[in-house]
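Note: the block below is coords-v3.txt and it holds compact mmCIF, C-alpha atoms.
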# COMPACT_ATOMS: atom_id res chain seq x y z
CA MET J 1177 106.13 95.16 156.42
CA SER J 1178 108.92 97.69 156.11
CA GLU J 1179 111.27 95.35 157.91
CA PHE J 1180 110.59 92.70 155.35
CA GLU J 1181 111.08 95.09 152.47
CA SER J 1182 114.35 96.56 153.54
CA ARG J 1183 115.71 93.08 154.04
CA GLY J 1184 114.66 92.18 150.54
CA ARG J 1185 116.65 94.91 148.85
CA GLY J 1186 120.35 95.25 149.51
CA GLY J 1187 120.14 93.31 152.73
CA ARG J 1188 123.91 92.89 152.88
CA ASP J 1189 124.60 96.62 152.97
CA ARG J 1190 122.13 97.03 155.71
CA ASP J 1191 123.84 94.49 157.94
CA LYS J 1192 127.21 96.07 157.32
CA ASP J 1193 125.91 99.47 158.36
CA LYS J 1194 124.36 97.97 161.42
CA ASP J 1195 127.71 96.55 162.53
CA LYS J 1196 129.27 99.94 162.14
CA ASP J 1197 126.49 101.38 164.26
CA ASP J 1198 127.18 98.98 167.07
CA LYS J 1199 130.89 99.68 167.11
CA LYS J 1200 131.03 103.43 166.84
CA GLY J 1201 127.56 104.28 168.00
CA LYS J 1202 127.31 106.69 165.12
CA ARG J 1203 123.91 107.62 163.82
CA THR J 1204 123.38 106.70 160.23
CA PHE J 1205 120.38 107.50 158.14
CA PHE J 1206 118.71 104.92 156.07
CA ARG J 1207 117.22 106.17 152.95
CA ARG J 1208 115.43 103.43 151.13
CA ARG J 1209 116.88 103.09 147.66
CA ARG J 1210 114.37 104.59 145.30
CA LEU J 1211 113.14 102.04 142.83
CA CYS J 1212 112.92 102.60 139.15
CA LYS J 1213 109.52 104.07 138.50
CA PHE J 1214 109.26 102.46 135.09
CA CYS J 1215 110.12 99.01 136.41
CA VAL J 1216 107.74 99.28 139.34
CA GLU J 1217 104.85 100.58 137.32
CA LYS J 1218 105.72 98.31 134.41
CA ILE J 1219 105.90 101.06 131.83
CA ASP J 1220 107.46 99.58 128.70
CA TYR J 1221 107.33 102.46 126.33
CA ILE J 1222 108.53 105.91 127.34
CA GLY J 1223 106.95 108.14 124.74
CA TYR J 1224 108.12 111.66 124.07
CA ARG J 1225 104.56 112.95 123.89
CA ASP J 1226 103.60 112.13 127.46
CA VAL J 1227 104.38 115.22 129.53
CA LYS J 1228 102.99 113.73 132.71
CA LEU J 1229 105.38 110.82 132.43
CA LEU J 1230 108.46 112.93 131.72
CA ALA J 1231 107.76 115.83 134.05
CA PRO J 1232 108.94 114.20 137.31
CA PHE J 1233 112.39 113.69 135.76
CA ILE J 1234 112.84 117.29 134.70
CA PRO J 1235 113.73 119.45 137.68
CA GLU J 1236 113.18 123.17 137.80
CA ARG J 1237 116.19 124.07 135.75
CA GLY J 1238 115.05 121.92 132.85
CA LYS J 1239 117.92 119.48 133.03
CA ILE J 1240 117.48 115.74 132.91
CA GLN J 1241 117.59 114.34 136.41
CA PRO J 1242 120.53 112.00 136.98
CA ARG J 1243 119.53 108.50 137.86
CA ARG J 1244 121.53 108.48 141.06
CA ILE J 1245 118.85 110.83 142.33
CA SER J 1246 115.74 109.56 140.61
CA GLY J 1247 116.64 105.88 141.06
CA VAL J 1248 115.70 104.99 137.50
CA CYS J 1249 117.46 101.89 136.19
CA ALA J 1250 120.00 102.24 133.39
CA THR J 1251 117.79 100.79 130.69
CA HIS J 1252 114.94 103.11 131.43
CA GLN J 1253 117.16 106.13 131.95
CA ARG J 1254 118.46 105.65 128.43
CA ALA J 1255 114.94 105.49 127.03
CA LEU J 1256 113.89 108.43 129.18
CA GLN J 1257 116.81 110.50 127.97
CA VAL J 1258 115.84 109.96 124.35
CA ALA J 1259 112.21 110.77 125.09
CA ILE J 1260 113.09 114.01 126.88
CA LYS J 1261 115.39 115.12 124.10
CA ARG J 1262 112.68 114.51 121.54
CA ALA J 1263 110.12 116.31 123.63
CA ARG J 1264 112.47 119.27 123.82
CA GLN J 1265 112.69 119.48 120.05
CA ILE J 1266 108.98 120.00 119.70
CA ALA J 1267 108.72 122.37 122.65
CA ILE J 1268 106.78 120.03 124.91
CA VAL J 1269 109.53 120.25 127.49
CA PRO J 1270 111.97 123.16 127.90
CA TYR J 1271 115.67 123.07 127.11
CA VAL J 1272 116.41 125.53 129.89
CA THR J 1273 114.32 127.52 132.30
CA ASP J 1274 115.59 130.31 134.46
CA MET R 1384 112.47 97.05 97.63
CA SER R 1385 112.22 99.44 100.42
CA THR R 1386 110.85 98.30 103.70
CA VAL R 1387 107.81 99.94 105.20
CA ARG R 1388 108.43 101.49 108.57
CA GLN R 1389 106.34 103.47 110.95
CA TYR R 1390 107.10 107.10 111.58
CA GLU R 1391 105.56 109.78 113.70
CA LEU R 1392 105.50 113.26 112.34
CA VAL R 1393 104.73 116.13 114.69
CA TYR R 1394 104.50 119.66 113.47
CA ILE R 1395 103.56 122.95 115.04
CA VAL R 1396 101.75 125.77 113.29
CA PRO R 1397 100.99 129.21 114.75
CA PRO R 1398 97.88 129.36 116.95
CA GLU R 1399 96.09 131.81 114.68
CA THR R 1400 96.17 129.37 111.75
CA THR R 1401 92.73 128.61 110.38
CA GLU R 1402 91.30 125.12 110.13
CA GLU R 1403 91.36 125.37 106.34
CA ALA R 1404 95.05 126.17 106.28
CA ILE R 1405 95.77 123.15 108.45
CA ALA R 1406 93.62 120.97 106.19
CA GLU R 1407 95.45 122.36 103.17
CA LEU R 1408 98.78 121.54 104.77
CA HIS R 1409 97.56 118.04 105.49
CA THR R 1410 96.61 117.46 101.85
CA GLN R 1411 100.06 118.63 100.76
CA ILE R 1412 101.66 116.19 103.16
CA ALA R 1413 99.27 113.49 102.01
CA ALA R 1414 100.37 114.10 98.43
CA VAL R 1415 103.99 113.49 99.36
CA VAL R 1416 103.08 110.42 101.38
CA GLU R 1417 101.07 109.05 98.49
CA ARG R 1418 103.86 109.61 95.99
CA PHE R 1419 106.16 107.41 98.04
CA GLY R 1420 103.51 104.78 98.53
CA GLY R 1421 103.00 105.46 102.24
CA THR R 1422 99.80 105.32 104.24
CA PHE R 1423 98.42 107.28 107.17
CA GLU R 1424 97.92 105.30 110.32
CA LYS R 1425 96.23 108.17 112.10
CA THR R 1426 96.11 111.93 112.30
CA GLU R 1427 95.68 113.71 115.56
CA ASN R 1428 95.20 117.38 116.19
CA TRP R 1429 96.17 118.25 119.74
CA GLY R 1430 94.91 121.79 119.37
CA ARG R 1431 96.47 124.81 121.02
CA ARG R 1432 99.21 124.13 123.48
CA LYS R 1433 101.64 126.32 125.30
CA LEU R 1434 105.16 125.99 123.93
CA ALA R 1435 107.88 125.26 126.45
CA TYR R 1436 109.98 127.99 124.85
CA GLU R 1437 109.50 130.67 122.25
CA ILE R 1438 109.66 129.60 118.62
CA ALA R 1439 109.69 132.29 115.93
CA GLY R 1440 108.00 134.73 118.25
CA HIS R 1441 105.21 132.37 119.26
CA ARG R 1442 104.42 131.27 122.78
CA GLU R 1443 101.62 128.95 121.75
CA GLY R 1444 101.11 126.63 118.86
CA VAL R 1445 98.76 124.12 117.31
CA TYR R 1446 100.25 120.62 117.38
CA VAL R 1447 99.41 118.05 114.73
CA LEU R 1448 100.56 114.45 114.93
CA GLU R 1449 100.58 112.13 111.94
CA VAL R 1450 101.49 108.48 112.20
CA ILE R 1451 102.71 107.36 108.81
CA ASN R 1452 103.71 103.98 107.43
CA GLY R 1453 106.16 104.27 104.59
CA PRO R 1454 109.72 103.89 103.34
CA GLY R 1455 112.65 105.84 104.70
CA ALA R 1456 112.97 107.99 101.60
CA LEU R 1457 109.56 109.40 102.41
CA THR R 1458 110.73 110.95 105.65
CA ALA R 1459 113.67 112.63 103.95
CA GLU R 1460 111.30 114.22 101.46
CA LEU R 1461 108.80 115.19 104.16
CA ASP R 1462 111.54 116.74 106.19
CA ARG R 1463 112.71 118.77 103.22
CA ARG R 1464 109.21 119.93 102.37
CA LEU R 1465 108.27 120.87 105.91
CA ARG R 1466 111.39 122.95 106.26
CA VAL R 1467 110.22 125.06 103.34
CA PHE R 1468 106.65 125.68 104.52
CA ASP R 1469 106.47 128.99 106.29
CA LEU R 1470 103.37 127.90 108.12
CA VAL R 1471 105.17 125.15 109.98
CA ILE R 1472 107.24 126.66 112.75
CA ARG R 1473 108.63 123.36 114.01
CA HIS R 1474 108.48 119.76 112.91
CA MET R 1475 109.98 116.43 113.84
CA VAL R 1476 109.93 113.00 112.24
CA VAL R 1477 110.68 110.03 114.47
CA ARG R 1478 110.81 106.36 113.64
CA VAL R 1479 108.72 104.48 116.17
CA ASP R 1480 108.15 100.93 114.94
CA GLU R 1481 111.31 99.55 116.54
CA GLU R 1482 110.64 101.06 119.95
CA LEU R 1483 107.06 99.95 119.96
CA ALA R 1484 108.15 96.44 119.00
CA VAL R 1485 110.65 96.41 121.87
CA ALA R 1486 107.96 97.56 124.29
CA GLU R 1487 105.58 94.94 122.98
CA ARG R 1488 108.21 92.22 123.38
CA ALA R 1489 108.95 93.30 126.94
CA ARG R 1490 105.26 93.22 127.74
CA THR R 1491 104.71 89.72 126.39
CA ARG R 1492 107.86 88.43 128.04
CA ARG R 1493 106.79 89.79 131.39
CA LYS R 1494 103.32 88.37 131.00
CA ALA R 1495 104.70 84.95 130.14
CA SER R 1496 107.12 84.91 133.06
CA MET R 1497 104.40 86.03 135.44
CA ALA R 1498 102.09 83.31 134.22
CA SER R 1499 104.75 80.62 134.60
CA ARG R 1500 105.60 81.82 138.10
CA ARG R 1501 101.97 81.77 139.09
CA ILE R 1502 101.45 78.31 137.70
CA ARG R 1503 104.46 77.07 139.66
CA ARG R 1504 102.79 78.35 142.79
CA GLY R 1505 99.60 76.61 141.82
CA LEU R 1506 97.65 79.76 141.02
CA PRO R 1507 95.66 80.62 137.93
CA PRO R 1508 97.89 82.31 135.31
CA GLU R 1509 96.06 85.62 135.45
CA PRO R 1510 95.75 87.59 138.72
CA THR R 1511 92.23 87.67 140.02
CA GLU R 1512 90.26 90.84 140.63
CA GLN R 1513 90.83 90.57 144.37
CA GLU R 1514 94.61 90.38 144.08
CA ARG R 1515 94.72 93.34 141.77
CA ASN R 1516 92.83 95.47 144.27
CA ARG R 1517 95.17 94.46 147.06
CA ARG R 1518 98.16 95.54 145.03
CA LEU R 1519 96.68 99.00 144.57
CA GLU R 1520 96.36 99.44 148.32
CA ASP R 1521 99.99 98.42 148.86
CA SER R 1522 101.46 100.89 146.42
CA ASP R 1523 100.91 104.01 148.45
CA ASP R 1524 104.50 105.17 148.74
CA LEU R 1525 105.36 105.38 145.07
CA ASP R 1526 105.40 109.13 144.72
CA GLY R 1527 107.45 111.33 146.96
CA PRO R 1528 107.40 115.12 147.14
CA GLU R 1529 109.70 115.38 144.13
CA MET R 1530 107.07 113.94 141.84
CA GLY R 1531 105.34 117.29 141.34
CA PHE R 1532 105.74 119.01 138.05
CA ARG R 1533 107.29 122.44 137.81
CA GLY R 1534 108.94 122.62 134.44
CA GLY R 1535 106.07 123.55 132.12
CA ASP R 1536 102.35 123.80 131.73
CA ARG R 1537 99.81 122.13 134.00

Target format structure tokens, applied to this file:
Amino acid sequence: MSEFESRGRGGRDRDKDKDKDDKKGKRTFFRRRRLCKFCVEKIDYIGYRDVKLLAPFIPERGKIQPRRISGVCATHQRALQVAIKRARQIAIVPYVTD
Amino acid sequence: MSTVRQYELVYIVPPETTEEAIAELHTQIAAVVERFGGTFEKTENWGRRKLAYEIAGHREGVYVLEVINGPGALTAELDRRLRVFDLVIRHMVVRVDEELAVAERARTRRKASMASRRIRRGLPPEPTEQERNRRLEDSDDLDGPEMGFRGGDR
């Protein structure tokens, strides 16, 4: 199952890394690219009122999580960013926490 | 002349505000909405909620949401009025009709493409109950440890 999946996504990169492995014998870690939560779960509208939806993208400090970490696609990150900024205005989500 | 759009108005009043005062505030808002020929789609009182940060010395507040259909001039007036009310410690007006339309379009487009794909494979256009259940079992690795919430209430 997992074999099939990892081949499906970015299969080319995987082969390249494998070649490198064979040559140098270096250990490389494979972290499966996180998929965009909103694409996977087919969430079309990212509303600013839904704390449960926004919370996973607001780390401890209160900043908006960059998409290189969360894996959110560009389209949804843009919508998410707007939603979080609105939620901050009405004190649903903090600007900063320390 | 002016197009009718949908707006969401959220405002926060102090937690010790009485029901009557909130109702009074609502009638004042309703008067403004009426004057501009707008209509209320719905009114929702979320009740007491913890604020994510302190506003005017309050740590909690009563949230009220109003979904209003009306022209753009209405929101400008509402905004001006709400800024004057001492009772309202925070308010926000957001236009939502466009975003909801975009979401709706995305939903219908996805549905249509799914149906066409399924028909090409010789399946019925809608997934059956059995398939839906199987999909739920597969999606066990969606949330990692970072999915927990730390930044607020709950």

Compile the contact shell of Glu1487 (chain R) as a count of residues only: residues with an atom at most 8 Å away, counting all atoms listed in the file, same-chain residues fewer than 4 positions apart removed. 3

Closest of J:Pro1242, J:Phe1214, J:Val1272, J:Arg1262 to Val1476 (chain R), counting all atoms listed in the file, is J:Arg1262

Quick check: residues of chain J within 7 Å of chain R, only C-alpha atoms, returned as a ChimeraX atom specification. /J:1220-1221,1231-1232,1234-1236,1238,1266-1270

If we count all atoms listed in the file, what is near Ala1459 (chain R) at a cut-off of 12 Å, once residues fewer than 4 positions away on the same chain are taken out, given as number ranges by chain? R: 1390, 1392, 1415-1416, 1419, 1453-1455, 1463-1466, 1475-1478

Between CA of Lys1239 (chain J) and CA of Val1216 (chain J), what is the distance, to one decimal in Å? 23.5 Å

Calculate, to one decimal in Å, the centre and edge lengths of the box along x, y and z of the file that holds all listed atoms of region 1395-1409 of chain R with 4 Å of margin on each side, and present them as AutoDock Vina command-line options.
--center_x 97.4 --center_y 124.9 --center_z 110.1 --size_x 20.3 --size_y 21.8 --size_z 21.8

Just the number, please: distance in Å from CA of Trp1429 (chain R) to CA of Val1445 (chain R), one decimal.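 Taking CA of Trp1429 (chain R) as the start and CA of Val1445 (chain R) as the end point, the length is 6.9 Å.
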
Quick one: of J:Gln1241, J:Ser1246, J:Gln1257, J:Gln1265, who's nearest to Lys1213 (chain J), counting all atoms listed in the file?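 Selected residue with least distance to Lys1213 (chain J): J:Ser1246.
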
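From CA of Val1450 (chain R) back to CA of Val1467 (chain R), the distance works out to 20.7 Å.
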